[in-house]
$ cat target_31.cif   # mmCIF, C-alpha atoms
data_start
#
loop_
_atom_site.group_PDB
_atom_site.id
_atom_site.type_symbol
_atom_site.label_atom_id
_atom_site.label_comp_id
_atom_site.auth_asym_id
_atom_site.auth_seq_id
_atom_site.Cartn_x
_atom_site.Cartn_y
_atom_site.Cartn_z
ATOM 1 C CA MET A 116 122.333 63.756 88.349
ATOM 2 C CA ALA A 117 121.961 67.076 90.159
ATOM 3 C CA LEU A 118 118.850 65.724 91.867
ATOM 4 C CA ILE A 119 120.753 62.649 93.096
ATOM 5 C CA LYS A 120 123.564 64.862 94.389
ATOM 6 C CA SER A 121 121.122 67.089 96.241
ATOM 7 C CA ALA A 122 119.492 64.072 97.851
ATOM 8 C CA LEU A 123 122.904 62.773 98.904
ATOM 9 C CA GLU A 124 123.851 66.159 100.350
ATOM 10 C CA LEU A 125 120.580 66.271 102.297
ATOM 11 C CA ALA A 126 121.226 62.793 103.662
ATOM 12 C CA LEU A 127 124.734 63.797 104.744
ATOM 13 C CA GLU A 128 123.354 66.902 106.441
ATOM 14 C CA ARG A 129 120.864 64.794 108.381
ATOM 15 C CA THR A 130 123.666 62.432 109.426
ATOM 16 C CA LYS A 131 125.794 65.362 110.527
ATOM 17 C CA ASN A 132 122.958 66.638 112.718
ATOM 18 C CA LEU A 133 122.537 63.225 114.267
ATOM 19 C CA GLU A 134 126.240 63.125 115.113
ATOM 20 C CA VAL A 135 126.031 66.541 116.763
ATOM 21 C CA ASP A 136 123.033 65.408 118.756
ATOM 22 C CA GLU A 137 124.899 62.308 119.923
ATOM 23 C CA ILE A 138 127.816 64.467 121.060
ATOM 24 C CA ALA A 139 125.445 66.768 122.932
ATOM 25 C CA ILE A 140 123.710 63.819 124.567
ATOM 26 C CA GLU A 141 127.029 62.364 125.683
ATOM 27 C CA ALA A 142 128.169 65.739 127.035
ATOM 28 C CA ASN A 143 124.930 66.076 128.994
ATOM 29 C CA ARG A 144 125.410 62.566 130.392
ATOM 30 C CA ILE A 145 128.926 63.447 131.574
ATOM 31 C CA ARG A 146 127.731 66.695 133.177
ATOM 32 C CA THR A 147 124.959 64.843 134.988
ATOM 33 C CA GLU A 148 127.396 62.197 136.193
ATOM 34 C CA GLY A 149 129.773 64.909 137.394
ATOM 35 C CA ARG A 150 127.024 66.661 139.367
ATOM 36 C CA ARG A 151 125.871 63.359 140.822
ATOM 37 C CA THR A 152 129.431 62.522 141.880
ATOM 38 C CA ALA A 153 129.807 65.945 143.511
ATOM 39 C CA GLY A 154 126.554 65.375 145.395
ATOM 40 C CA LYS A 155 127.737 61.996 146.661
ATOM 41 C CA PHE A 156 131.000 63.560 147.776
ATOM 42 C CA LEU A 157 129.254 66.352 149.693
ATOM 43 C CA ASP A 158 126.935 63.833 151.361
ATOM 44 C CA ASP A 159 129.777 61.572 152.470
ATOM 45 C CA PRO A 160 133.318 62.751 151.581
ATOM 46 C CA GLU A 161 134.911 59.717 153.229
ATOM 47 C CA SER A 162 133.171 57.239 150.955
ATOM 48 C CA CYS A 163 133.655 59.083 147.662
ATOM 49 C CA SER A 164 137.108 59.575 146.166
ATOM 50 C CA LEU A 165 136.966 62.334 143.579
ATOM 51 C CA SER A 166 140.459 61.479 142.323
ATOM 52 C CA SER A 167 139.400 57.897 141.604
ATOM 53 C CA ALA A 168 136.138 59.013 140.017
ATOM 54 C CA ILE A 169 137.969 61.425 137.705
ATOM 55 C CA ALA A 170 140.580 58.827 136.781
ATOM 56 C CA GLY A 171 137.791 56.415 135.856
ATOM 57 C CA ILE A 172 136.373 58.719 133.195
ATOM 58 C CA ASP A 173 137.530 58.462 129.584
ATOM 59 C CA ALA A 174 140.237 61.048 128.844
ATOM 60 C CA SER A 175 138.111 62.735 126.175
ATOM 61 C CA ASN A 176 135.377 63.493 128.730
ATOM 62 C CA ARG A 177 137.501 63.974 131.821
ATOM 63 C CA GLU A 178 137.692 67.776 131.782
ATOM 64 C CA LEU A 179 133.943 68.192 131.313
ATOM 65 C CA PHE A 180 133.359 65.750 134.170
ATOM 66 C CA ARG A 181 135.859 67.594 136.381
ATOM 67 C CA LYS A 182 134.310 70.982 135.530
ATOM 68 C CA SER A 183 130.829 69.713 136.419
ATOM 69 C CA ILE A 184 132.084 68.648 139.849
ATOM 70 C CA PHE A 185 133.823 72.006 140.282
ATOM 71 C CA ASP A 186 130.654 73.967 139.500
ATOM 72 C CA VAL A 187 128.675 72.101 142.168
ATOM 73 C CA LEU A 188 131.366 72.478 144.842
ATOM 74 C CA CYS A 189 132.061 76.125 144.055
ATOM 75 C CA ALA A 190 128.348 76.967 144.183
ATOM 76 C CA GLN A 191 128.376 75.919 147.859
ATOM 77 C CA ILE A 192 130.732 78.790 148.727
ATOM 78 C CA GLN A 193 128.357 81.650 149.498
ATOM 79 C CA LEU A 194 128.030 84.548 151.921
ATOM 80 C CA PRO A 195 126.388 83.090 155.042
ATOM 81 C CA GLY A 196 123.033 84.074 156.440
ATOM 82 C CA VAL A 197 122.209 84.167 160.139
ATOM 83 C CA TYR A 198 124.261 81.063 160.922
ATOM 84 C CA PHE A 199 127.668 80.117 159.552
ATOM 85 C CA ASP A 200 129.203 76.682 160.034
ATOM 86 C CA SER A 201 132.829 76.978 158.959
ATOM 87 C CA GLY A 202 133.179 73.194 159.288
ATOM 88 C CA LYS A 203 131.109 72.735 156.124
ATOM 89 C CA LEU A 204 133.853 74.399 154.103
ATOM 90 C CA ALA A 205 136.379 71.677 154.986
ATOM 91 C CA PRO A 206 134.990 68.956 152.665
ATOM 92 C CA ILE A 207 134.401 71.540 149.923
ATOM 93 C CA GLY A 208 138.039 72.589 150.221
ATOM 94 C CA ALA A 209 139.168 68.949 150.137
ATOM 95 C CA GLY A 210 137.115 68.357 147.008
ATOM 96 C CA LEU A 211 138.455 71.437 145.254
ATOM 97 C CA GLY A 212 141.962 70.409 146.252
ATOM 98 C CA ALA A 213 141.402 67.008 144.642
ATOM 99 C CA LEU A 214 140.225 68.733 141.458
ATOM 100 C CA ALA A 215 143.345 70.901 141.420
ATOM 101 C CA GLY A 216 145.490 67.819 141.885
ATOM 102 C CA ALA A 217 143.749 66.052 138.995
ATOM 103 C CA ALA A 218 144.103 68.960 136.553
ATOM 104 C CA PRO A 219 146.122 68.345 133.369
ATOM 105 C CA ALA A 220 149.796 69.138 133.916
ATOM 106 C CA LYS A 221 150.551 71.677 131.159
ATOM 107 C CA GLY A 222 153.675 72.740 133.020
ATOM 108 C CA ARG A 223 151.845 73.301 136.313
ATOM 109 C CA ASN A 224 152.645 71.765 139.677
ATOM 110 C CA ALA A 225 149.505 69.871 140.693
ATOM 111 C CA GLY A 226 150.724 69.346 144.265
ATOM 112 C CA ALA A 227 151.448 73.047 144.704
ATOM 113 C CA ALA A 228 148.060 73.972 143.220
ATOM 114 C CA GLU A 229 146.308 71.637 145.643
ATOM 115 C CA LYS A 230 148.110 73.255 148.592
ATOM 116 C CA GLN A 231 147.209 76.709 147.309
ATOM 117 C CA VAL A 232 143.538 75.751 147.092
ATOM 118 C CA THR A 233 143.663 74.469 150.684
ATOM 119 C CA ALA A 234 145.271 77.716 151.841
ATOM 120 C CA MET A 235 142.716 79.812 149.945
ATOM 121 C CA MET A 236 139.805 77.897 151.464
ATOM 122 C CA GLN A 237 141.205 78.616 154.935
ATOM 123 C CA GLN A 238 141.366 82.291 154.027
ATOM 124 C CA ILE A 239 137.792 82.171 152.730
ATOM 125 C CA SER A 240 136.624 80.586 155.994
ATOM 126 C CA ALA A 241 138.205 83.449 157.969
ATOM 127 C CA PHE A 242 136.789 85.947 155.449
ATOM 128 C CA LEU A 243 133.226 84.624 155.836
ATOM 129 C CA THR A 244 133.526 84.656 159.637
ATOM 130 C CA LYS A 245 134.656 88.288 159.448
ATOM 131 C CA TYR A 246 131.776 89.073 157.092
ATOM 132 C CA GLN A 247 129.188 87.681 159.484
ATOM 133 C CA GLU A 248 130.679 89.635 162.375
ATOM 134 C CA GLU A 249 130.726 92.795 160.264
ATOM 135 C CA VAL A 250 127.073 92.387 159.269
ATOM 136 C CA LYS A 251 126.086 92.027 162.927
ATOM 137 C CA ARG A 252 128.125 95.106 163.845
ATOM 138 C CA VAL A 253 126.574 97.196 161.071
ATOM 139 C CA GLU A 254 123.061 95.996 161.909
ATOM 140 C CA GLN A 255 123.534 96.919 165.569
ATOM 141 C CA ALA A 256 124.912 100.330 164.629
ATOM 142 C CA ILE A 257 121.955 100.983 162.332
ATOM 143 C CA ARG A 258 119.416 99.978 164.967
ATOM 144 C CA SER A 259 121.134 102.086 167.624
ATOM 145 C CA GLN A 260 121.262 105.076 165.311
ATOM 146 C CA TRP A 261 117.599 104.656 164.400
ATOM 147 C CA ALA A 262 116.323 103.945 167.933
ATOM 148 C CA PRO A 263 115.504 107.605 168.911
ATOM 149 C CA LYS A 264 113.547 108.185 165.697
ATOM 150 C CA LEU A 265 111.695 104.869 166.130
ATOM 151 C CA LYS A 266 110.775 105.717 169.722
ATOM 152 C CA GLU A 267 109.440 109.080 168.594
ATOM 153 C CA LYS A 268 107.267 107.391 165.981
ATOM 154 C CA GLU A 269 105.983 104.963 168.636
ATOM 155 C CA ARG A 270 105.212 107.900 170.952
ATOM 156 C CA GLN A 271 103.271 109.760 168.266
ATOM 157 C CA MET A 272 101.264 106.673 167.316
ATOM 158 C CA ALA A 273 100.568 105.879 171.000
ATOM 159 C CA ALA A 274 99.253 109.433 171.487
ATOM 160 C CA ARG A 275 96.892 109.046 168.535
ATOM 161 C CA MET A 276 95.685 105.542 169.398
ATOM 162 C CA GLY A 277 95.635 105.836 173.203
ATOM 163 C CA GLN A 278 97.755 102.739 173.820
ATOM 164 C CA ASP A 279 101.388 101.694 173.828
ATOM 165 C CA ILE A 280 102.794 100.862 170.403
ATOM 166 C CA ARG A 281 105.844 98.776 169.568
ATOM 167 C CA LEU A 282 107.037 99.042 165.986
ATOM 168 C CA ASP A 283 109.066 96.444 164.125
ATOM 169 C CA PRO A 284 111.910 98.506 162.618
ATOM 170 C CA MET A 285 111.845 96.494 159.379
ATOM 171 C CA ALA A 286 108.133 97.310 158.976
ATOM 172 C CA ASP A 287 109.021 100.994 158.847
ATOM 173 C CA PRO A 288 109.689 101.900 155.159
ATOM 174 C CA GLU A 289 112.168 104.649 156.081
ATOM 175 C CA PHE A 290 114.187 102.337 158.335
ATOM 176 C CA ALA A 291 113.999 99.464 155.837
ATOM 177 C CA ALA A 292 115.395 101.676 153.063
ATOM 178 C CA PHE A 293 118.200 102.942 155.316
ATOM 179 C CA TYR A 294 118.987 99.392 156.446
ATOM 180 C CA LYS A 295 119.033 98.019 152.895
ATOM 181 C CA LYS A 296 121.296 100.800 151.655
ATOM 182 C CA ASN A 297 123.933 100.076 154.310
ATOM 183 C CA VAL A 298 123.714 96.293 154.704
ATOM 184 C CA GLU A 299 123.244 95.524 151.014
ATOM 185 C CA GLY A 300 126.250 97.681 150.221
ATOM 186 C CA LEU A 301 128.325 95.635 152.658
ATOM 187 C CA LYS A 302 127.047 92.391 151.160
ATOM 188 C CA ALA A 303 127.864 93.562 147.647
ATOM 189 C CA SER A 304 131.411 94.479 148.647
ATOM 190 C CA TYR A 305 132.078 91.141 150.338
ATOM 191 C CA GLY A 306 130.261 89.276 147.568
ATOM 192 C CA ASP A 307 132.513 90.762 144.893
ATOM 193 C CA ALA A 308 135.628 89.804 146.877
ATOM 194 C CA LEU A 309 134.313 86.260 147.333
ATOM 195 C CA GLU A 310 133.610 85.869 143.619
ATOM 196 C CA GLN A 311 137.153 86.991 142.846
ATOM 197 C CA ALA A 312 138.528 84.383 145.258
ATOM 198 C CA LYS A 313 136.409 81.726 143.555
ATOM 199 C CA LEU A 314 137.818 82.765 140.180
ATOM 200 C CA GLU A 315 141.322 82.307 141.562
ATOM 201 C CA ILE A 316 140.403 78.836 142.795
ATOM 202 C CA SER A 317 138.978 78.106 139.348
ATOM 203 C CA GLY A 318 142.362 78.960 137.846
ATOM 204 C CA LEU A 319 144.182 76.779 140.366
ATOM 205 C CA CYS A 320 141.901 73.913 139.392
ATOM 206 C CA GLY A 321 142.932 74.364 135.773
ATOM 207 C CA PHE A 322 139.898 76.238 134.479
ATOM 208 C CA GLY A 323 140.227 79.559 132.702
ATOM 209 C CA GLN A 324 137.822 82.442 133.357
ATOM 210 C CA GLU A 325 136.174 81.904 129.999
ATOM 211 C CA GLU A 326 135.321 78.320 131.061
ATOM 212 C CA LYS A 327 133.804 79.583 134.293
ATOM 213 C CA GLU A 328 131.288 81.761 132.467
#
$ encode --input "target_31.cif" --output "structure tokens"
Amino acid sequence: MALIKSALELALERTKNLEVDEIAIEANRIRTEGRRTAGKFLDDPESCSLSSAIAGIDASNRELFRKSIFDVLCAQIQLPGVYFDSGKLAPIGAGLGALAGAAPAKGRNAGAAEKQVTAMMQQISAFLTKYQEEVKRVEQAIRSQWAPKLKEKERQMAARMGQDIRLDPMADPEFAAFYKKNVEGLKASYGDALEQAKLEISGLCGFGQEEKE
């Protein structure tokens, strides 16, 4: 009898594992669909309604689907490199606003949250523009400060080699270290502020910090 019971318990355990696997597979399918929907929206915002897409998902999977879209959109908000096109933030902001508007009520005002997201995205656009200007200013200041020392190095090398020498500042280890210390510090400071703003947007969209991690 004990043997039969053990066999039954083993069978139930195997069934339980299969059920867990099916749940995991379904969750992965929803995440993939959410990412795909976010990609379609970014490619052509006019032809993809996030609100309609979210409404079309079964209620039990809706939050996972919405979170998957959020992760893709939020990942697009980064410190810019050499070129910054503030216009690209507009559809991202619209998408995040739609997510905020589709968040479960739970005593929150979805319309107000959507407006707050829009306002925050405008602030982020101005913030990123300021960041790019600040990086350029710091880079110019560093190069100006380093110019006399660089010219002296070029003069010494020209005297040794018998010909004019032009050094790339970034190829000079001393300059590169000085540059990295100052510019990377600026990037870290702005990057931390940007991540905090993204956390606030996450909250406005109905996601807690623990869900963001």
$ resolve_selection --input "target_31.cif" --expression "the PyMOL selection byres ((chain A and resi 166) around 8)" --output "PDB file with C-alpha atoms, in the coordinates of the input"
ATOM      1  CA  SER A 164     137.108  59.575 146.166  1.00  0.00           C
ATOM      2  CA  LEU A 165     136.966  62.334 143.579  1.00  0.00           C
ATOM      3  CA  SER A 167     139.400  57.897 141.604  1.00  0.00           C
ATOM      4  CA  ALA A 168     136.138  59.013 140.017  1.00  0.00           C
ATOM      5  CA  ILE A 169     137.969  61.425 137.705  1.00  0.00           C
ATOM      6  CA  ALA A 170     140.580  58.827 136.781  1.00  0.00           C
ATOM      7  CA  ALA A 213     141.402  67.008 144.642  1.00  0.00           C
ATOM      8  CA  LEU A 214     140.225  68.733 141.458  1.00  0.00           C
ATOM      9  CA  ALA A 217     143.749  66.052 138.995  1.00  0.00           C
TER      10      ALA A 217
END
$ residues_around --input "target_31.cif" --residues "region 307-313 of chain A" --least-positions-apart "3" --cutoff "8 Å" --atoms "all atoms listed in the file" --output "list in words"
Cys189, Gln193, Leu194, Met235, Ile239, Ala303, Ser304, Ile316 and Ser317 of chain A
$ closest_atom_pairs --input "target_31.cif" --of "region 205-240 of chain A" --to "region 171-186 of chain A" --cutoff "12 Å" --atoms "only C-alpha atoms" --output "Markdown table"
| residue | atom | partner | partner_atom | distance |
| --- | --- | --- | --- | --- |
| A:Ile207 | CA | A:Phe185 | CA | 9.7 |
| A:Gly208 | CA | A:Phe185 | CA | 10.8 |
| A:Ala209 | CA | A:Phe185 | CA | 11.6 |
| A:Gly210 | CA | A:Phe185 | CA | 8.3 |
| A:Leu211 | CA | A:Phe185 | CA | 6.8 |
| A:Gly212 | CA | A:Phe185 | CA | 10.2 |
| A:Ala213 | CA | A:Arg181 | CA | 10.0 |
| A:Leu214 | CA | A:Arg181 | CA | 6.8 |
| A:Ala215 | CA | A:Arg181 | CA | 9.6 |
| A:Gly216 | CA | A:Arg181 | CA | 11.1 |
| A:Ala217 | CA | A:Arg181 | CA | 8.5 |
| A:Ala218 | CA | A:Glu178 | CA | 8.1 |
| A:Pro219 | CA | A:Glu178 | CA | 8.6 |
$ atom_distance --input "target_31.cif" --atom1 "CA of Lys266 (chain A)" --atom2 "CA of Arg281 (chain A)"
8.5 Å
$ atom_distance --input "target_31.cif" --atom1 "CA of Gly202 (chain A)" --atom2 "CA of Gly154 (chain A)"
17.3 Å
$ atom_distance --input "target_31.cif" --atom1 "CA of Lys295 (chain A)" --atom2 "CA of Val253 (chain A)"
11.2 Å
